[in-house]
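Chemist: For reference, the file model_5.cif (mmCIF, C-alpha atoms and all ligand atoms) is included below:
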```cif
data_target
loop_
_atom_site.group_PDB
_atom_site.id
_atom_site.type_symbol
_atom_site.label_atom_id
_atom_site.label_comp_id
_atom_site.auth_asym_id
_atom_site.auth_seq_id
_atom_site.Cartn_x
_atom_site.Cartn_y
_atom_site.Cartn_z
ATOM 1 C CA MET E 1 -136.780 68.689 -66.284
ATOM 2 C CA ASN E 2 -139.331 66.061 -67.383
ATOM 3 C CA VAL E 3 -140.063 62.652 -65.882
ATOM 4 C CA VAL E 4 -137.717 60.845 -68.292
ATOM 5 C CA GLU E 5 -134.832 63.101 -67.282
ATOM 6 C CA VAL E 6 -135.619 62.651 -63.583
ATOM 7 C CA LEU E 7 -135.794 58.854 -63.863
ATOM 8 C CA SER E 8 -132.627 58.796 -65.951
ATOM 9 C CA ASN E 9 -130.765 60.883 -63.366
ATOM 10 C CA ILE E 10 -131.994 58.747 -60.461
ATOM 11 C CA SER E 11 -131.399 55.359 -62.111
ATOM 12 C CA GLY E 12 -128.313 56.101 -64.120
ATOM 13 C CA ILE E 13 -129.986 54.568 -67.181
ATOM 14 C CA ASP E 14 -129.620 56.677 -70.317
ATOM 15 C CA ARG E 15 -132.583 58.814 -71.331
ATOM 16 C CA LYS E 16 -133.305 56.941 -74.553
ATOM 17 C CA GLN E 17 -133.700 53.651 -72.671
ATOM 18 C CA VAL E 18 -135.771 55.262 -69.901
ATOM 19 C CA LYS E 19 -138.040 56.811 -72.533
ATOM 20 C CA SER E 20 -138.465 53.414 -74.213
ATOM 21 C CA ILE E 21 -139.409 51.742 -70.913
ATOM 22 C CA PHE E 22 -141.713 54.636 -70.007
ATOM 23 C CA GLU E 23 -143.532 54.371 -73.348
ATOM 24 C CA GLU E 24 -143.836 50.599 -72.933
ATOM 25 C CA VAL E 25 -145.406 51.067 -69.476
ATOM 26 C CA LEU E 26 -147.886 53.633 -70.836
ATOM 27 C CA ALA E 27 -148.851 51.352 -73.752
ATOM 28 C CA ASN E 28 -149.316 48.412 -71.356
ATOM 29 C CA ASN E 29 -151.475 50.510 -69.008
ATOM 30 C CA LYS E 30 -153.622 51.502 -71.992
ATOM 31 C CA LEU E 31 -154.164 47.813 -72.849
ATOM 32 C CA ILE E 32 -154.953 46.838 -69.252
ATOM 33 C CA ASN E 33 -157.303 49.767 -68.655
ATOM 34 C CA GLY E 34 -159.065 49.279 -72.011
ATOM 35 C CA CYS E 35 -159.730 45.561 -71.506
ATOM 36 C CA PRO E 36 -163.447 44.682 -71.591
ATOM 37 C CA GLY E 37 -162.567 42.137 -68.899
ATOM 38 C CA PRO E 38 -162.371 40.068 -67.028
ATOM 39 C CA HIS E 39 -158.696 39.625 -67.788
ATOM 40 C CA ILE E 40 -157.604 36.049 -68.437
ATOM 41 C CA PHE E 41 -153.946 35.970 -67.439
ATOM 42 C CA THR E 42 -151.631 33.187 -68.506
ATOM 43 C CA ILE E 43 -147.928 32.840 -67.936
ATOM 44 C CA ALA E 44 -145.996 34.768 -70.595
ATOM 45 C CA ALA E 45 -143.614 32.813 -72.802
ATOM 46 C CA GLY E 46 -140.624 35.071 -72.198
ATOM 47 C CA ARG E 47 -139.732 37.903 -69.877
ATOM 48 C CA ARG E 48 -139.254 41.437 -71.120
ATOM 49 C CA LYS E 49 -137.993 44.604 -69.475
ATOM 50 C CA ILE E 50 -141.049 45.232 -67.325
ATOM 51 C CA ALA E 51 -142.520 42.954 -64.651
ATOM 52 C CA ASP E 52 -144.525 40.889 -67.060
ATOM 53 C CA ASP E 53 -144.788 37.323 -65.961
ATOM 54 C CA SER E 54 -148.392 37.014 -67.188
ATOM 55 C CA ILE E 55 -150.232 38.240 -70.270
ATOM 56 C CA CYS E 56 -153.987 38.745 -70.706
ATOM 57 C CA GLU E 57 -155.516 36.604 -73.464
ATOM 58 C CA VAL E 58 -158.214 39.264 -73.968
ATOM 59 C CA CYS E 59 -156.271 42.540 -74.182
ATOM 60 C CA GLY E 60 -152.611 41.533 -74.401
ATOM 61 C CA GLY E 61 -151.742 43.530 -71.275
ATOM 62 C CA ARG E 62 -148.929 42.242 -69.111
ATOM 63 C CA ILE E 63 -148.647 42.077 -65.309
ATOM 64 C CA SER E 64 -146.436 40.500 -62.675
ATOM 65 C CA SER E 65 -147.302 37.132 -61.196
ATOM 66 C CA SER E 66 -147.963 38.859 -57.872
ATOM 67 C CA ASP E 67 -150.494 41.239 -59.487
ATOM 68 C CA LYS E 68 -152.081 38.256 -61.274
ATOM 69 C CA SER E 69 -152.507 36.473 -57.969
ATOM 70 C CA TRP E 70 -154.186 39.495 -56.306
ATOM 71 C CA TYR E 71 -156.398 40.134 -59.341
ATOM 72 C CA GLU E 72 -157.645 36.525 -59.319
ATOM 73 C CA LYS E 73 -158.264 36.648 -55.557
ATOM 74 C CA GLY E 74 -160.303 39.829 -56.078
ATOM 75 C CA LEU E 75 -162.359 38.205 -58.831
ATOM 76 C CA ALA E 76 -163.092 35.138 -56.694
ATOM 77 C CA HIS E 77 -164.010 37.345 -53.749
ATOM 78 C CA GLY E 78 -166.327 39.498 -55.888
ATOM 79 C CA ARG E 79 -168.000 36.483 -57.490
ATOM 80 C CA GLY E 80 -168.553 34.881 -54.093
ATOM 81 C CA GLU E 81 -170.024 38.096 -52.767
ATOM 82 C CA MET E 82 -172.372 38.345 -55.779
ATOM 83 C CA LYS E 83 -173.511 34.745 -55.346
ATOM 84 C CA GLY E 84 -174.248 35.518 -51.687
ATOM 85 C CA LYS E 85 -176.372 38.520 -52.665
ATOM 86 C CA ILE E 86 -178.304 36.498 -55.255
ATOM 87 C CA MET E 87 -178.909 33.713 -52.737
ATOM 88 C CA ALA E 88 -180.194 36.243 -50.188
ATOM 89 C CA ILE E 89 -182.625 37.732 -52.744
ATOM 90 C CA LEU E 90 -183.889 34.276 -53.713
ATOM 91 C CA ALA E 91 -184.352 33.343 -50.043
ATOM 92 C CA GLU E 92 -186.550 36.437 -49.603
ATOM 93 C CA PHE E 93 -188.972 34.950 -52.134
ATOM 94 C CA GLY E 94 -189.327 31.873 -49.938
ATOM 95 C CA GLU E 95 -187.570 29.534 -52.357
ATOM 96 C CA ASP E 96 -184.720 27.205 -51.597
ATOM 97 C CA PRO E 97 -181.875 29.320 -53.050
ATOM 98 C CA GLU E 98 -180.029 26.376 -54.684
ATOM 99 C CA THR E 99 -183.225 25.085 -56.356
ATOM 100 C CA ALA E 100 -184.218 28.587 -57.486
ATOM 101 C CA LEU E 101 -180.729 29.172 -58.909
ATOM 102 C CA ALA E 102 -180.899 25.868 -60.829
ATOM 103 C CA CYS E 103 -184.318 26.871 -62.272
ATOM 104 C CA ILE E 104 -182.928 30.252 -63.348
ATOM 105 C CA GLY E 105 -180.024 28.464 -65.012
ATOM 106 C CA GLU E 106 -182.430 26.240 -66.966
ATOM 107 C CA LEU E 107 -184.533 29.242 -68.002
ATOM 108 C CA VAL E 108 -181.456 31.085 -69.255
ATOM 109 C CA SER E 109 -180.296 27.981 -71.121
ATOM 110 C CA ASP E 110 -183.729 27.534 -72.765
ATOM 111 C CA ALA E 111 -183.852 31.220 -73.717
ATOM 112 C CA ARG E 112 -180.362 31.003 -75.198
ATOM 113 C CA GLU E 113 -181.382 27.997 -77.335
ATOM 114 C CA GLN E 114 -184.458 29.859 -78.621
ATOM 115 C CA ILE E 115 -182.487 32.998 -79.476
ATOM 116 C CA PHE E 116 -179.479 31.324 -81.077
HETATM 117 ZN ZN ZN O 201 -157.255 42.039 -70.265
#
```
Rewrite the structure from the file as structure tokens, please.

Modeler:
Amino acid sequence: MNVVEVLSNISGIDRKQVKSIFEEVLANNKLINGCPGPHIFTIAAGRRKIADDSICEVCGGRISSSDKSWYEKGLAHGRGEMKGKIMAILAEFGEDPETALACIGELVSDAREQIF
């Protein structure tokens, strides 16, 4: 007995439909896991079979609004943590971290203008 048969028996949904949903989930997971990131989720225009309230503008993967919320909280948390680490490194060099960060921003901007 394979997973489609098991899910069909448990849910009462016919095997063909379970197989279709299963394949859709696998294809969606492939999109989500293959995304170069970060995902940019926006509210999907219409609902489909799977929990898919939001779709990624980068990879086309779909997730629930609850997953979107947790993903975005994780991103904000990670970015805040990274900023804290950068500020700590800059402080070790004896510079005011905010001033040093502004100087780095200007250097990157100047370098970008010279390259492009
Ligand atoms: Zn994505």

Chemist: I need the output of the PyMOL selection byres (((chain E and resi 14-28) around 7) and not hetatm) for this file as JSON, numbers by chain; which residues are they?

Modeler: {"E": [4, 5, 8, 12, 13, 29, 30, 31, 32, 61, 62]}

Chemist: Could you give me, as a PyMOL selection string, every polymer residue with an atom at most 12 Å away from an atom of ligand ZN 201 (chain O), counting all atoms listed in the file?

Modeler: chain E and resi 28-42+54-63+68+71

Chemist: Would you work out the distance separating CA of Ser65 (chain E) from CA of Ala44 (chain E), expressed in Å to one decimal?

Modeler: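 These atoms are spaced 9.8 Å apart.
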
Chemist: Please enumerate the residues selected by the PyMOL selection byres (((chain E and resi 77-86) around 12) and not hetatm) when evaluated against the supplied file, formatted as a ChimeraX atom specification.

Modeler: /E:38,70-76,87-93,95-98,100-101,104

Chemist: Could you write out that same residue set with C-alpha atoms as a PDB file, in the coordinates of the input?

Modeler:
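Okay, this is what ended up in result29.pdb:
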```pdb
ATOM      1  CA  PRO E  38    -162.371  40.068 -67.028  1.00  0.00           C
ATOM      2  CA  TRP E  70    -154.186  39.495 -56.306  1.00  0.00           C
ATOM      3  CA  TYR E  71    -156.398  40.134 -59.341  1.00  0.00           C
ATOM      4  CA  GLU E  72    -157.645  36.525 -59.319  1.00  0.00           C
ATOM      5  CA  LYS E  73    -158.264  36.648 -55.557  1.00  0.00           C
ATOM      6  CA  GLY E  74    -160.303  39.829 -56.078  1.00  0.00           C
ATOM      7  CA  LEU E  75    -162.359  38.205 -58.831  1.00  0.00           C
ATOM      8  CA  ALA E  76    -163.092  35.138 -56.694  1.00  0.00           C
ATOM      9  CA  MET E  87    -178.909  33.713 -52.737  1.00  0.00           C
ATOM     10  CA  ALA E  88    -180.194  36.243 -50.188  1.00  0.00           C
ATOM     11  CA  ILE E  89    -182.625  37.732 -52.744  1.00  0.00           C
ATOM     12  CA  LEU E  90    -183.889  34.276 -53.713  1.00  0.00           C
ATOM     13  CA  ALA E  91    -184.352  33.343 -50.043  1.00  0.00           C
ATOM     14  CA  GLU E  92    -186.550  36.437 -49.603  1.00  0.00           C
ATOM     15  CA  PHE E  93    -188.972  34.950 -52.134  1.00  0.00           C
ATOM     16  CA  GLU E  95    -187.570  29.534 -52.357  1.00  0.00           C
ATOM     17  CA  ASP E  96    -184.720  27.205 -51.597  1.00  0.00           C
ATOM     18  CA  PRO E  97    -181.875  29.320 -53.050  1.00  0.00           C
ATOM     19  CA  GLU E  98    -180.029  26.376 -54.684  1.00  0.00           C
ATOM     20  CA  ALA E 100    -184.218  28.587 -57.486  1.00  0.00           C
ATOM     21  CA  LEU E 101    -180.729  29.172 -58.909  1.00  0.00           C
ATOM     22  CA  ILE E 104    -182.928  30.252 -63.348  1.00  0.00           C
TER      23      ILE E 104
END
```

Chemist: Would you mind reading off the distance between CA of Ile115 (chain E) and CA of Ala102 (chain E), one decimal, in Å?

Modeler: 20.0 Å

Chemist: Hey, could you pull the box centre and edge lengths for region 88-92 of chain E, axis-aligned, 5 Å padding per side, all listed atoms, to one decimal in Å, as lines of an AutoDock Vina configuration file?

Modeler:
```
center_x = -183.4
center_y = 35.5
center_z = -51.7
size_x = 16.4
size_y = 14.4
size_z = 14.1
```

Chemist: Between CA of Asp67 (chain E) and CA of Asp53 (chain E), what is the distance in Å, rounded to a tenth?

Modeler: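 Distance reported for this atom pair: 9.5 Å.
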